[in-house]
Amino acid sequence: MVVKKCVFSVIPSRGIQQESGKEVSRMNNILIALSIFLSLAGSQTAYSAEPPQPAPVREEVVQTAPVRVDGAVLFTVRGIAAHTARERAGNIADRITVIAGDREVKPESIVAVETEQGTEIRVGTRLIMFVFDDDADREGVSRQVLARAYVAKIRTAVEVYRRDRDTRSIAWAAGSALGATLVFAALVLLIRFLFRKLIAFAEQRYALKIRQLQEKSHDIVRTEGVWTVFKGGLRAARIIIILILAFFYIDVVLHLFPWTRAFAVPMLDLLLTPLRSIGRAVLDYLPNLAFLIILVLVARYGLNLLRAFFLGVHHSRISITGFEPDWALPTYKLARLAVIAFTVVVAYPYIPGSESPAFKGVSLFLGVVFSLGSSSSIANIVAGYMVIFRRAYKVGDRVKIGTNMGDVVEMRLQATHLRTIKNEEVIVPNSLIINTEVVNYSSLARKGGLILHTSVTIGYDAPWRQVHAMLLLAAERTTGLLREPKPFVLQTALNDFYVSYELNAYTDHPREMITIYSDLHRNIQDVFNEFGVQIMSPHYLGDPPRAKVVPREQWYQAPAKPDQQT
């Protein structure tokens with residue numbers, strides 16, 4: 001009733017009250033139908049559900065440990081409430097060892113005695129071990145039968161323990177160890193001798209065939225690589241055989257003496273356990289290993305084919321339109337990098353441990369270190385390829401990079417090596433070359449010649465035709481300058497007191513430009529002195545009437561000699 005009052009107090013119109021009542025009744029019908037459907041579905045699910053299955057009973061794993069005396073296993077025992085299996089086995093072995101060391105105790109005095117708790121194995125009043133019903137149940141026999149078996153094994157172990165420590169046995173063991181040592185040394189020397197002879201025989205027998213294989217494969221199969229792999233395989237086989245012999249030798253020697261016999265079994269387990277694990281892992285990994293081997297072989301021979309192809313382009317045996325031979329080796333390096341990267345990407349999922357967090361962490365760490373530490377190196381490498389493909393210069397060219405002028409002696413991906421005219425080696429980073437102007441004196445000198453130019457300033461009292469003729473005569477006397485195209489003279493400026501003349505001459509020896517310049521300057525001095533024309537550099541504000549020239553008769557003043565050229 002209270003709810004109705006609230007509803008009607010909110011809704012002012014009676015028509016609206018009737019519509020609202022219809023909506024409420026419709027919603028109630030929908031809710032009732034939905035609840036009936038859910039109850040039926042739940043009951044059907046409950047009736048159709050299978051009865052719960054009983055949980056499987058977990059079998060308790062019984063831990064056992066072997067009882068060893070001088071490395072020999074007598075029997076195995078399980079753990080008890082007071083001691084673990086290993087502790088119980090160790091205690092029993094210690095008691096047997098103490099009794100075996102006491103030669104007053106006869107092996108026949110070791111007997112089994114029945115008690116309320118189980119069967120005791122003792123010597124007089126000295127307890128060796130208990131045999132319980134659970135021990136017998138584990139072996140599937142009665143407790144008395146198991147105790148008698150243990151007694152027999154303990155007696156035998158005591159007899160063997162004492163016999164192995166007799167003087168005669170120790171002497172025999174020492175002699176056997178000495179003989180084993182001599183046999184091992186002789187076998188090692190024999191193996192080394194045989195393998196040395198085998199390598200010499202193989203080299204004499206098959207070296208020629210391997211070289212013929214290289215010639216037939218057009219250098220795809222390299223003689224050095226095949227022979228290195230063959231000799232490496234023989235050396236590895238020799239080392240493996242010697243290691244196997246060494247293992248058996250040590251195992252035999254350890255077994256000879258009772259004090260070291262206990263170490264022989266762990267040593268065998270130390271070798272066999274990893275080998276067993278490795279063998280199991282190798283068998284499981286064989287499909288992936290076969291895929292990796294095939295992938296590596298395909299990539300290797302693909303790289304050999306690429307190398308042979310680009311070497312043919314480099315040596316102009318193969319020509320490609322628009323592709324310069326100088327681009328062959330850098331392009332091969334790029335192609336090789338792409339092939340190796342593709343091979344690594346394909347092989348990555350098949351590498352053992354590639355999905356482990358440690359492998360991923362190391363890969364991420366190396367990637368971060370490489371990206372942080374190699375930014376400048378990568379910039380130099382990219383710049384090196386840009387320099388090569390732009391053909392800015394090549395090995396042997398005389399160039400000027402910034403303030404450094406010299407001959408290009410080596411082009412690497414990181415830097416370019418120059419040898420200056422003073423026989424200095426300058427290493428210029430390739431990233432610096434990209435941002436610096438490069439003057440190449442050799443690139444155009446091969447076709448049209450390099451123009452060498454020098455300037456002189458002569459007064460206005462000298463006829464310019466005479467000056468032209470003297471400069472051309474000096475160029476004609478200079479060795480290293482070309483007669484064709486002919487040298488020419490330019491008048492570059494008419495200054496206040498003199499005229500600037502520039503001599504231009506061609507040469508096809510740009511690497512000798514410094515020597516040619518020196519000879520040209522000497523010849524200019526001689527020619528102008530011969531014809532009594534004064535060179536006005538530097539110029540004078542007040543020039544004396546006498547011309548500043550050197551007469552011919554004074555050219556060889558002491559200590560100069562007529563045949564002296566420098």
# chains A, B, ... in the order shown; residues from 1 in each chain; ligands from 1

call {"tool": "residues_around", "arguments": {"residues": "A:Phe257", "least_positions_apart": "6", "cutoff": "12 Å", "atoms": "only C-alpha atoms", "output": "VMD selection string"}}
result
chain A and resid 70 to 71 161 163 to 167 169 to 177 250 to 251 263 to 264

call {"tool": "residues_around", "arguments": {"residues": "A:Glu410", "least_positions_apart": "3", "cutoff": "10 Å", "atoms": "only C-alpha atoms", "output": "MDAnalysis selection string"}}
result
chainID A and resid 394:396 407 415:419 427

call {"tool": "write_last_selection", "arguments": {"atoms": "all heavy atoms", "output": "mmCIF file, in the first residue's frame"}}
result
data_model
loop_
_atom_site.group_PDB
_atom_site.id
_atom_site.type_symbol
_atom_site.label_atom_id
_atom_site.label_comp_id
_atom_site.auth_asym_id
_atom_site.auth_seq_id
_atom_site.Cartn_x
_atom_site.Cartn_y
_atom_site.Cartn_z
ATOM 1 N N LYS A 394 88.241 6.268 -55.937
ATOM 2 C CA LYS A 394 88.584 4.860 -55.819
ATOM 3 C C LYS A 394 90.043 4.757 -55.410
ATOM 4 O O LYS A 394 90.771 5.769 -55.348
ATOM 5 C CB LYS A 394 88.310 4.119 -57.119
ATOM 6 C CG LYS A 394 89.145 4.589 -58.295
ATOM 7 C CD LYS A 394 88.799 3.802 -59.546
ATOM 8 C CE LYS A 394 89.681 4.222 -60.710
ATOM 9 N NZ LYS A 394 89.361 3.431 -61.940
ATOM 10 N N VAL A 395 90.472 3.544 -55.137
ATOM 11 C CA VAL A 395 91.844 3.335 -54.676
ATOM 12 C C VAL A 395 92.815 3.783 -55.771
ATOM 13 O O VAL A 395 92.670 3.432 -56.941
ATOM 14 C CB VAL A 395 92.067 1.852 -54.320
ATOM 15 C CG1 VAL A 395 93.524 1.601 -53.965
ATOM 16 C CG2 VAL A 395 91.167 1.443 -53.162
ATOM 17 N N GLY A 396 93.821 4.570 -55.375
ATOM 18 C CA GLY A 396 94.816 5.088 -56.299
ATOM 19 C C GLY A 396 94.579 6.523 -56.725
ATOM 20 O O GLY A 396 95.475 7.146 -57.322
ATOM 21 N N ASP A 407 96.843 10.297 -51.684
ATOM 22 C CA ASP A 407 96.386 9.210 -52.540
ATOM 23 C C ASP A 407 95.560 8.236 -51.709
ATOM 24 O O ASP A 407 95.930 7.886 -50.576
ATOM 25 C CB ASP A 407 97.572 8.485 -53.164
ATOM 26 C CG ASP A 407 98.426 9.424 -53.999
ATOM 27 O OD1 ASP A 407 97.847 10.322 -54.632
ATOM 28 O OD2 ASP A 407 99.666 9.253 -54.014
ATOM 29 N N ALA A 415 86.217 3.708 -42.648
ATOM 30 C CA ALA A 415 87.051 4.881 -42.901
ATOM 31 C C ALA A 415 87.781 4.707 -44.222
ATOM 32 O O ALA A 415 87.859 3.610 -44.785
ATOM 33 C CB ALA A 415 88.046 5.100 -41.759
ATOM 34 N N THR A 416 88.323 5.815 -44.691
ATOM 35 C CA THR A 416 89.151 5.843 -45.896
ATOM 36 C C THR A 416 90.577 6.207 -45.501
ATOM 37 O O THR A 416 90.797 7.143 -44.723
ATOM 38 C CB THR A 416 88.605 6.871 -46.903
ATOM 39 O OG1 THR A 416 87.294 6.480 -47.304
ATOM 40 C CG2 THR A 416 89.499 6.958 -48.125
ATOM 41 N N HIS A 417 91.554 5.470 -46.039
ATOM 42 C CA HIS A 417 92.962 5.675 -45.701
ATOM 43 C C HIS A 417 93.638 6.455 -46.830
ATOM 44 O O HIS A 417 93.576 6.049 -48.006
ATOM 45 C CB HIS A 417 93.668 4.340 -45.495
ATOM 46 C CG HIS A 417 93.146 3.560 -44.319
ATOM 47 N ND1 HIS A 417 93.906 3.289 -43.207
ATOM 48 C CD2 HIS A 417 91.922 3.027 -44.071
ATOM 49 C CE1 HIS A 417 93.185 2.598 -42.336
ATOM 50 N NE2 HIS A 417 91.978 2.428 -42.847
ATOM 51 N N LEU A 418 94.271 7.569 -46.463
ATOM 52 C CA LEU A 418 95.009 8.402 -47.416
ATOM 53 C C LEU A 418 96.497 8.365 -47.091
ATOM 54 O O LEU A 418 96.883 8.312 -45.917
ATOM 55 C CB LEU A 418 94.525 9.853 -47.369
ATOM 56 C CG LEU A 418 93.057 10.148 -47.680
ATOM 57 C CD1 LEU A 418 92.809 11.650 -47.568
ATOM 58 C CD2 LEU A 418 92.690 9.648 -49.063
ATOM 59 N N ARG A 419 97.326 8.421 -48.139
ATOM 60 C CA ARG A 419 98.766 8.601 -47.969
ATOM 61 C C ARG A 419 99.123 9.951 -48.575
ATOM 62 O O ARG A 419 98.976 10.165 -49.774
ATOM 63 C CB ARG A 419 99.554 7.488 -48.639
ATOM 64 C CG ARG A 419 101.064 7.635 -48.394
ATOM 65 C CD ARG A 419 101.874 6.461 -48.922
ATOM 66 N NE ARG A 419 101.720 6.298 -50.358
ATOM 67 C CZ ARG A 419 101.212 5.220 -50.934
ATOM 68 N NH1 ARG A 419 100.764 4.225 -50.193
ATOM 69 N NH2 ARG A 419 101.117 5.137 -52.252
ATOM 70 N N ILE A 427 93.675 8.718 -41.693
ATOM 71 C CA ILE A 427 92.465 7.900 -41.673
ATOM 72 C C ILE A 427 91.269 8.837 -41.454
ATOM 73 O O ILE A 427 91.157 9.462 -40.404
ATOM 74 C CB ILE A 427 92.536 6.839 -40.568
ATOM 75 C CG1 ILE A 427 93.759 5.939 -40.792
ATOM 76 C CG2 ILE A 427 91.261 6.008 -40.534
ATOM 77 C CD1 ILE A 427 93.995 4.947 -39.679
#

call {"tool": "atom_distance", "arguments": {"atom1": "atom CA of A:Thr260", "atom2": "atom CA of A:Arg168"}}
result
17.4 Å

call {"tool": "closest_residue", "arguments": {"among": "A:Gly118, A:Glu355, A:Met411, A:Thr403", "to": "A:Ile381", "atoms": "only C-alpha atoms"}}
result
A:Met411

call {"tool": "residues_around", "arguments": {"residues": "stretch 482-484 of chain A", "least_positions_apart": "5", "cutoff": "10 Å", "atoms": "only C-alpha atoms", "output": "ChimeraX atom specification"}}
result
/A:448-451,475-476,505-509

call {"tool": "residues_around", "arguments": {"residues": "stretch 521-526 of chain A", "least_positions_apart": "3", "cutoff": "9 Å", "atoms": "only C-alpha atoms", "output": "PDB file with all heavy atoms, in the first residue's frame"}}
result
ATOM      1  N   THR A 454      98.980  28.258 -62.441  1.00  0.00           N
ATOM      2  CA  THR A 454      99.780  29.096 -61.553  1.00  0.00           C
ATOM      3  C   THR A 454      99.729  30.530 -62.067  1.00  0.00           C
ATOM      4  O   THR A 454      99.483  30.764 -63.258  1.00  0.00           O
ATOM      5  CB  THR A 454     101.224  28.596 -61.489  1.00  0.00           C
ATOM      6  OG1 THR A 454     101.949  29.347 -60.518  1.00  0.00           O
ATOM      7  CG2 THR A 454     101.921  28.732 -62.838  1.00  0.00           C
ATOM      8  N   MET A 470     106.279  33.761 -73.050  1.00  0.00           N
ATOM      9  CA  MET A 470     107.225  33.240 -72.062  1.00  0.00           C
ATOM     10  C   MET A 470     106.568  32.181 -71.179  1.00  0.00           C
ATOM     11  O   MET A 470     107.175  31.154 -70.852  1.00  0.00           O
ATOM     12  CB  MET A 470     107.780  34.405 -71.222  1.00  0.00           C
ATOM     13  CG  MET A 470     108.743  35.307 -71.983  1.00  0.00           C
ATOM     14  SD  MET A 470     109.582  36.512 -70.914  1.00  0.00           S
ATOM     15  CE  MET A 470     108.180  37.504 -70.390  1.00  0.00           C
ATOM     16  N   LEU A 471     105.336  32.403 -70.776  1.00  0.00           N
ATOM     17  CA  LEU A 471     104.656  31.405 -69.939  1.00  0.00           C
ATOM     18  C   LEU A 471     104.439  30.107 -70.713  1.00  0.00           C
ATOM     19  O   LEU A 471     104.627  29.002 -70.166  1.00  0.00           O
ATOM     20  CB  LEU A 471     103.314  31.964 -69.455  1.00  0.00           C
ATOM     21  CG  LEU A 471     103.395  33.091 -68.415  1.00  0.00           C
ATOM     22  CD1 LEU A 471     102.001  33.641 -68.121  1.00  0.00           C
ATOM     23  CD2 LEU A 471     104.035  32.589 -67.114  1.00  0.00           C
ATOM     24  N   LEU A 473     106.286  29.055 -73.162  1.00  0.00           N
ATOM     25  CA  LEU A 473     107.590  28.442 -73.305  1.00  0.00           C
ATOM     26  C   LEU A 473     107.992  27.683 -72.023  1.00  0.00           C
ATOM     27  O   LEU A 473     108.552  26.589 -72.087  1.00  0.00           O
ATOM     28  CB  LEU A 473     108.631  29.520 -73.622  1.00  0.00           C
ATOM     29  CG  LEU A 473     110.081  29.035 -73.777  1.00  0.00           C
ATOM     30  CD1 LEU A 473     110.197  28.016 -74.908  1.00  0.00           C
ATOM     31  CD2 LEU A 473     111.013  30.231 -74.021  1.00  0.00           C
ATOM     32  N   ALA A 474     107.704  28.266 -70.858  1.00  0.00           N
ATOM     33  CA  ALA A 474     107.992  27.580 -69.593  1.00  0.00           C
ATOM     34  C   ALA A 474     107.180  26.288 -69.480  1.00  0.00           C
ATOM     35  O   ALA A 474     107.689  25.257 -69.012  1.00  0.00           O
ATOM     36  CB  ALA A 474     107.686  28.504 -68.419  1.00  0.00           C
ATOM     37  N   ALA A 475     105.918  26.316 -69.924  1.00  0.00           N
ATOM     38  CA  ALA A 475     105.105  25.097 -69.891  1.00  0.00           C
ATOM     39  C   ALA A 475     105.657  24.053 -70.852  1.00  0.00           C
ATOM     40  O   ALA A 475     105.638  22.851 -70.551  1.00  0.00           O
ATOM     41  CB  ALA A 475     103.662  25.442 -70.246  1.00  0.00           C
ATOM     42  N   ARG A 477     108.741  23.548 -71.589  1.00  0.00           N
ATOM     43  CA  ARG A 477     109.951  22.960 -71.023  1.00  0.00           C
ATOM     44  C   ARG A 477     109.672  22.028 -69.831  1.00  0.00           C
ATOM     45  O   ARG A 477     110.587  21.338 -69.390  1.00  0.00           O
ATOM     46  CB  ARG A 477     110.881  24.076 -70.548  1.00  0.00           C
ATOM     47  CG  ARG A 477     111.457  24.923 -71.660  1.00  0.00           C
ATOM     48  CD  ARG A 477     112.367  25.989 -71.071  1.00  0.00           C
ATOM     49  NE  ARG A 477     112.951  26.837 -72.106  1.00  0.00           N
ATOM     50  CZ  ARG A 477     113.786  27.858 -71.851  1.00  0.00           C
ATOM     51  NH1 ARG A 477     114.098  28.152 -70.584  1.00  0.00           N
ATOM     52  NH2 ARG A 477     114.268  28.574 -72.833  1.00  0.00           N
ATOM     53  N   THR A 478     108.476  22.011 -69.325  1.00  0.00           N
ATOM     54  CA  THR A 478     108.158  21.257 -68.104  1.00  0.00           C
ATOM     55  C   THR A 478     107.744  19.834 -68.461  1.00  0.00           C
ATOM     56  O   THR A 478     106.810  19.620 -69.243  1.00  0.00           O
ATOM     57  CB  THR A 478     107.026  21.947 -67.322  1.00  0.00           C
ATOM     58  OG1 THR A 478     107.414  23.299 -67.023  1.00  0.00           O
ATOM     59  CG2 THR A 478     106.750  21.196 -66.020  1.00  0.00           C
ATOM     60  N   ILE A 516     105.443  18.394 -60.659  1.00  0.00           N
ATOM     61  CA  ILE A 516     105.238  19.163 -61.897  1.00  0.00           C
ATOM     62  C   ILE A 516     105.132  20.655 -61.586  1.00  0.00           C
ATOM     63  O   ILE A 516     105.694  21.502 -62.314  1.00  0.00           O
ATOM     64  CB  ILE A 516     103.994  18.645 -62.628  1.00  0.00           C
ATOM     65  CG1 ILE A 516     104.187  17.192 -63.056  1.00  0.00           C
ATOM     66  CG2 ILE A 516     103.660  19.516 -63.829  1.00  0.00           C
ATOM     67  CD1 ILE A 516     102.947  16.559 -63.665  1.00  0.00           C
ATOM     68  N   TYR A 517     104.414  20.993 -60.528  1.00  0.00           N
ATOM     69  CA  TYR A 517     104.327  22.406 -60.129  1.00  0.00           C
ATOM     70  C   TYR A 517     105.708  22.974 -59.835  1.00  0.00           C
ATOM     71  O   TYR A 517     106.038  24.104 -60.228  1.00  0.00           O
ATOM     72  CB  TYR A 517     103.436  22.538 -58.894  1.00  0.00           C
ATOM     73  CG  TYR A 517     101.990  22.856 -59.194  1.00  0.00           C
ATOM     74  CD1 TYR A 517     100.971  22.050 -58.701  1.00  0.00           C
ATOM     75  CD2 TYR A 517     101.638  23.978 -59.944  1.00  0.00           C
ATOM     76  CE1 TYR A 517      99.631  22.333 -58.964  1.00  0.00           C
ATOM     77  CE2 TYR A 517     100.316  24.268 -60.205  1.00  0.00           C
ATOM     78  CZ  TYR A 517      99.318  23.453 -59.723  1.00  0.00           C
ATOM     79  OH  TYR A 517      98.004  23.750 -59.993  1.00  0.00           O
ATOM     80  N   SER A 518     106.530  22.219 -59.123  1.00  0.00           N
ATOM     81  CA  SER A 518     107.866  22.718 -58.794  1.00  0.00           C
ATOM     82  C   SER A 518     108.691  22.960 -60.055  1.00  0.00           C
ATOM     83  O   SER A 518     109.354  24.006 -60.198  1.00  0.00           O
ATOM     84  CB  SER A 518     108.572  21.714 -57.880  1.00  0.00           C
ATOM     85  OG  SER A 518     109.881  22.139 -57.572  1.00  0.00           O
ATOM     86  N   ASN A 529     113.915  35.397 -66.511  1.00  0.00           N
ATOM     87  CA  ASN A 529     115.268  35.932 -66.346  1.00  0.00           C
ATOM     88  C   ASN A 529     115.993  35.995 -67.688  1.00  0.00           C
ATOM     89  O   ASN A 529     116.769  36.920 -67.949  1.00  0.00           O
ATOM     90  CB  ASN A 529     116.075  35.083 -65.370  1.00  0.00           C
ATOM     91  CG  ASN A 529     115.658  35.339 -63.924  1.00  0.00           C
ATOM     92  OD1 ASN A 529     115.269  36.468 -63.576  1.00  0.00           O
ATOM     93  ND2 ASN A 529     115.715  34.313 -63.082  1.00  0.00           N
ATOM     94  N   GLU A 530     115.756  34.988 -68.553  1.00  0.00           N
ATOM     95  CA  GLU A 530     116.409  34.988 -69.860  1.00  0.00           C
ATOM     96  C   GLU A 530     116.028  36.225 -70.669  1.00  0.00           C
ATOM     97  O   GLU A 530     116.868  36.844 -71.338  1.00  0.00           O
ATOM     98  CB  GLU A 530     116.012  33.725 -70.635  1.00  0.00           C
ATOM     99  CG  GLU A 530     116.692  32.461 -70.163  1.00  0.00           C
ATOM    100  CD  GLU A 530     116.239  31.262 -70.977  1.00  0.00           C
ATOM    101  OE1 GLU A 530     115.687  31.451 -72.084  1.00  0.00           O
ATOM    102  OE2 GLU A 530     116.427  30.122 -70.502  1.00  0.00           O
ATOM    103  N   PHE A 531     114.753  36.606 -70.601  1.00  0.00           N
ATOM    104  CA  PHE A 531     114.293  37.712 -71.430  1.00  0.00           C
ATOM    105  C   PHE A 531     114.216  39.023 -70.658  1.00  0.00           C
ATOM    106  O   PHE A 531     113.674  40.005 -71.165  1.00  0.00           O
ATOM    107  CB  PHE A 531     112.924  37.377 -72.027  1.00  0.00           C
ATOM    108  CG  PHE A 531     112.976  36.259 -73.043  1.00  0.00           C
ATOM    109  CD1 PHE A 531     112.721  34.947 -72.663  1.00  0.00           C
ATOM    110  CD2 PHE A 531     113.326  36.524 -74.367  1.00  0.00           C
ATOM    111  CE1 PHE A 531     112.781  33.918 -73.587  1.00  0.00           C
ATOM    112  CE2 PHE A 531     113.389  35.500 -75.290  1.00  0.00           C
ATOM    113  CZ  PHE A 531     113.116  34.180 -74.905  1.00  0.00           C
ATOM    114  N   ILE A 535     109.347  39.870 -62.564  1.00  0.00           N
ATOM    115  CA  ILE A 535     108.097  39.406 -61.956  1.00  0.00           C
ATOM    116  C   ILE A 535     107.786  40.315 -60.785  1.00  0.00           C
ATOM    117  O   ILE A 535     108.622  40.509 -59.901  1.00  0.00           O
ATOM    118  CB  ILE A 535     108.217  37.931 -61.516  1.00  0.00           C
ATOM    119  CG1 ILE A 535     108.491  37.031 -62.737  1.00  0.00           C
ATOM    120  CG2 ILE A 535     106.949  37.481 -60.802  1.00  0.00           C
ATOM    121  CD1 ILE A 535     108.709  35.581 -62.386  1.00  0.00           C
ATOM    122  N   VAL A 550     117.789  38.137 -62.804  1.00  0.00           N
ATOM    123  CA  VAL A 550     119.072  37.455 -62.593  1.00  0.00           C
ATOM    124  C   VAL A 550     119.647  37.148 -63.960  1.00  0.00           C
ATOM    125  O   VAL A 550     119.057  36.363 -64.725  1.00  0.00           O
ATOM    126  CB  VAL A 550     118.905  36.166 -61.775  1.00  0.00           C
ATOM    127  CG1 VAL A 550     120.259  35.490 -61.575  1.00  0.00           C
ATOM    128  CG2 VAL A 550     118.269  36.476 -60.437  1.00  0.00           C
ATOM    129  N   ARG A 552     121.829  35.479 -66.962  1.00  0.00           N
ATOM    130  CA  ARG A 552     122.093  34.053 -67.179  1.00  0.00           C
ATOM    131  C   ARG A 552     123.436  33.636 -66.617  1.00  0.00           C
ATOM    132  O   ARG A 552     123.582  32.518 -66.095  1.00  0.00           O
ATOM    133  CB  ARG A 552     122.025  33.752 -68.683  1.00  0.00           C
ATOM    134  CG  ARG A 552     122.076  32.262 -68.997  1.00  0.00           C
ATOM    135  CD  ARG A 552     122.015  32.030 -70.506  1.00  0.00           C
ATOM    136  NE  ARG A 552     121.939  30.597 -70.803  1.00  0.00           N
ATOM    137  CZ  ARG A 552     120.845  29.880 -70.863  1.00  0.00           C
ATOM    138  NH1 ARG A 552     119.678  30.473 -70.653  1.00  0.00           N
ATOM    139  NH2 ARG A 552     120.874  28.585 -71.140  1.00  0.00           N
ATOM    140  N   TRP A 555     123.305  32.381 -63.002  1.00  0.00           N
ATOM    141  CA  TRP A 555     122.360  31.337 -62.593  1.00  0.00           C
ATOM    142  C   TRP A 555     123.019  30.265 -61.724  1.00  0.00           C
ATOM    143  O   TRP A 555     122.359  29.614 -60.911  1.00  0.00           O
ATOM    144  CB  TRP A 555     121.746  30.668 -63.825  1.00  0.00           C
ATOM    145  CG  TRP A 555     120.717  31.538 -64.509  1.00  0.00           C
ATOM    146  CD1 TRP A 555     120.361  32.810 -64.181  1.00  0.00           C
ATOM    147  CD2 TRP A 555     119.958  31.172 -65.654  1.00  0.00           C
ATOM    148  NE1 TRP A 555     119.410  33.284 -65.027  1.00  0.00           N
ATOM    149  CE2 TRP A 555     119.114  32.297 -65.971  1.00  0.00           C
ATOM    150  CE3 TRP A 555     119.875  30.066 -66.470  1.00  0.00           C
ATOM    151  CZ2 TRP A 555     118.239  32.295 -67.048  1.00  0.00           C
ATOM    152  CZ3 TRP A 555     118.991  30.054 -67.529  1.00  0.00           C
ATOM    153  CH2 TRP A 555     118.171  31.166 -67.817  1.00  0.00           C
ATOM    154  N   THR A 566     117.949  20.831 -58.991  1.00  0.00           N
ATOM    155  CA  THR A 566     117.113  21.240 -57.861  1.00  0.00           C
ATOM    156  C   THR A 566     117.719  22.442 -57.183  1.00  0.00           C
ATOM    157  O   THR A 566     118.883  22.767 -57.371  1.00  0.00           O
ATOM    158  CB  THR A 566     116.972  20.095 -56.851  1.00  0.00           C
ATOM    159  OG1 THR A 566     118.280  19.698 -56.401  1.00  0.00           O
ATOM    160  CG2 THR A 566     116.291  18.895 -57.490  1.00  0.00           C
TER     161      THR A 566
END

call {"tool": "residues_around", "arguments": {"residues": "stretch 273-290 of chain A", "least_positions_apart": "5", "cutoff": "9 Å", "atoms": "only C-alpha atoms", "output": "PyMOL selection string"}}
result
chain A and resi 268+295+350-352

call {"tool": "atom_distance", "arguments": {"atom1": "atom CA of A:Ala112", "atom2": "atom CA of A:Phe132"}}
result
12.3 Å

call {"tool": "closest_residue", "arguments": {"among": "A:Glu104, A:Leu329, A:Val62, A:Ile240", "to": "A:Ala308", "atoms": "only C-alpha atoms"}}
result
A:Leu329

call {"tool": "residues_around", "arguments": {"residues": "A:Arg398", "least_positions_apart": "3", "cutoff": "6 Å", "atoms": "only C-alpha atoms", "output": "PyMOL selection string"}}
result
chain A and resi 406-407+441-442+511

call {"tool": "write_last_selection", "arguments": {"atoms": "all heavy atoms", "output": "PDB file, in the first residue's frame"}}
result
ATOM      1  N   GLY A 406      95.959  13.643 -50.540  1.00  0.00           N
ATOM      2  CA  GLY A 406      96.824  12.486 -50.679  1.00  0.00           C
ATOM      3  C   GLY A 406      96.203  11.466 -51.614  1.00  0.00           C
ATOM      4  O   GLY A 406      95.183  11.709 -52.261  1.00  0.00           O
ATOM      5  N   ASP A 407      96.843  10.297 -51.684  1.00  0.00           N
ATOM      6  CA  ASP A 407      96.386   9.210 -52.540  1.00  0.00           C
ATOM      7  C   ASP A 407      95.560   8.236 -51.709  1.00  0.00           C
ATOM      8  O   ASP A 407      95.930   7.886 -50.576  1.00  0.00           O
ATOM      9  CB  ASP A 407      97.572   8.485 -53.164  1.00  0.00           C
ATOM     10  CG  ASP A 407      98.426   9.424 -53.999  1.00  0.00           C
ATOM     11  OD1 ASP A 407      97.847  10.322 -54.632  1.00  0.00           O
ATOM     12  OD2 ASP A 407      99.666   9.253 -54.014  1.00  0.00           O
ATOM     13  N   TYR A 441      91.339  14.698 -58.003  1.00  0.00           N
ATOM     14  CA  TYR A 441      92.216  15.176 -59.083  1.00  0.00           C
ATOM     15  C   TYR A 441      92.401  14.132 -60.178  1.00  0.00           C
ATOM     16  O   TYR A 441      92.918  14.462 -61.251  1.00  0.00           O
ATOM     17  CB  TYR A 441      93.585  15.549 -58.516  1.00  0.00           C
ATOM     18  CG  TYR A 441      93.550  16.663 -57.499  1.00  0.00           C
ATOM     19  CD1 TYR A 441      93.631  16.399 -56.146  1.00  0.00           C
ATOM     20  CD2 TYR A 441      93.430  17.996 -57.899  1.00  0.00           C
ATOM     21  CE1 TYR A 441      93.597  17.414 -55.203  1.00  0.00           C
ATOM     22  CE2 TYR A 441      93.393  19.024 -56.974  1.00  0.00           C
ATOM     23  CZ  TYR A 441      93.479  18.721 -55.620  1.00  0.00           C
ATOM     24  OH  TYR A 441      93.438  19.737 -54.687  1.00  0.00           O
ATOM     25  N   SER A 442      92.010  12.891 -59.929  1.00  0.00           N
ATOM     26  CA  SER A 442      92.320  11.805 -60.862  1.00  0.00           C
ATOM     27  C   SER A 442      91.149  11.401 -61.738  1.00  0.00           C
ATOM     28  O   SER A 442      91.357  10.818 -62.802  1.00  0.00           O
ATOM     29  CB  SER A 442      92.800  10.566 -60.086  1.00  0.00           C
ATOM     30  OG  SER A 442      93.925  10.874 -59.294  1.00  0.00           O
ATOM     31  N   ARG A 511      99.047  12.327 -59.710  1.00  0.00           N
ATOM     32  CA  ARG A 511      99.779  11.940 -58.502  1.00  0.00           C
ATOM     33  C   ARG A 511     101.158  12.588 -58.456  1.00  0.00           C
ATOM     34  O   ARG A 511     101.817  12.582 -57.419  1.00  0.00           O
ATOM     35  CB  ARG A 511      99.905  10.419 -58.430  1.00  0.00           C
ATOM     36  CG  ARG A 511      98.562   9.704 -58.390  1.00  0.00           C
ATOM     37  CD  ARG A 511      98.701   8.215 -58.301  1.00  0.00           C
ATOM     38  NE  ARG A 511      99.326   7.797 -57.066  1.00  0.00           N
ATOM     39  CZ  ARG A 511      99.529   6.519 -56.725  1.00  0.00           C
ATOM     40  NH1 ARG A 511      99.138   5.552 -57.553  1.00  0.00           N
ATOM     41  NH2 ARG A 511     100.102   6.209 -55.585  1.00  0.00           N
TER      42      ARG A 511
END

call {"tool": "select_by_dssp", "arguments": {"residues": "stretch 57-124 of chain A", "states": "strand (DSSP E or B)", "output": "PyMOL selection string"}}
result
chain A and resi 64-69+72-78+110-114+119-123

call {"tool": "residues_around", "arguments": {"residues": "A:Asp326", "least_positions_apart": "2", "cutoff": "12 Å", "atoms": "only C-alpha atoms", "output": "list in words"}}
result
Phe310, Leu311, Gly312, Val313, His314, His315, Ser316, Ser319, Gly322, Phe323, Glu324, Ala328, Leu329, Pro330, Thr331, Tyr332, Tyr385, Val387, Ile388, Phe389, Arg390, Arg391, Ala392, Tyr393, Lys394, Val395 and Met411 of chain A
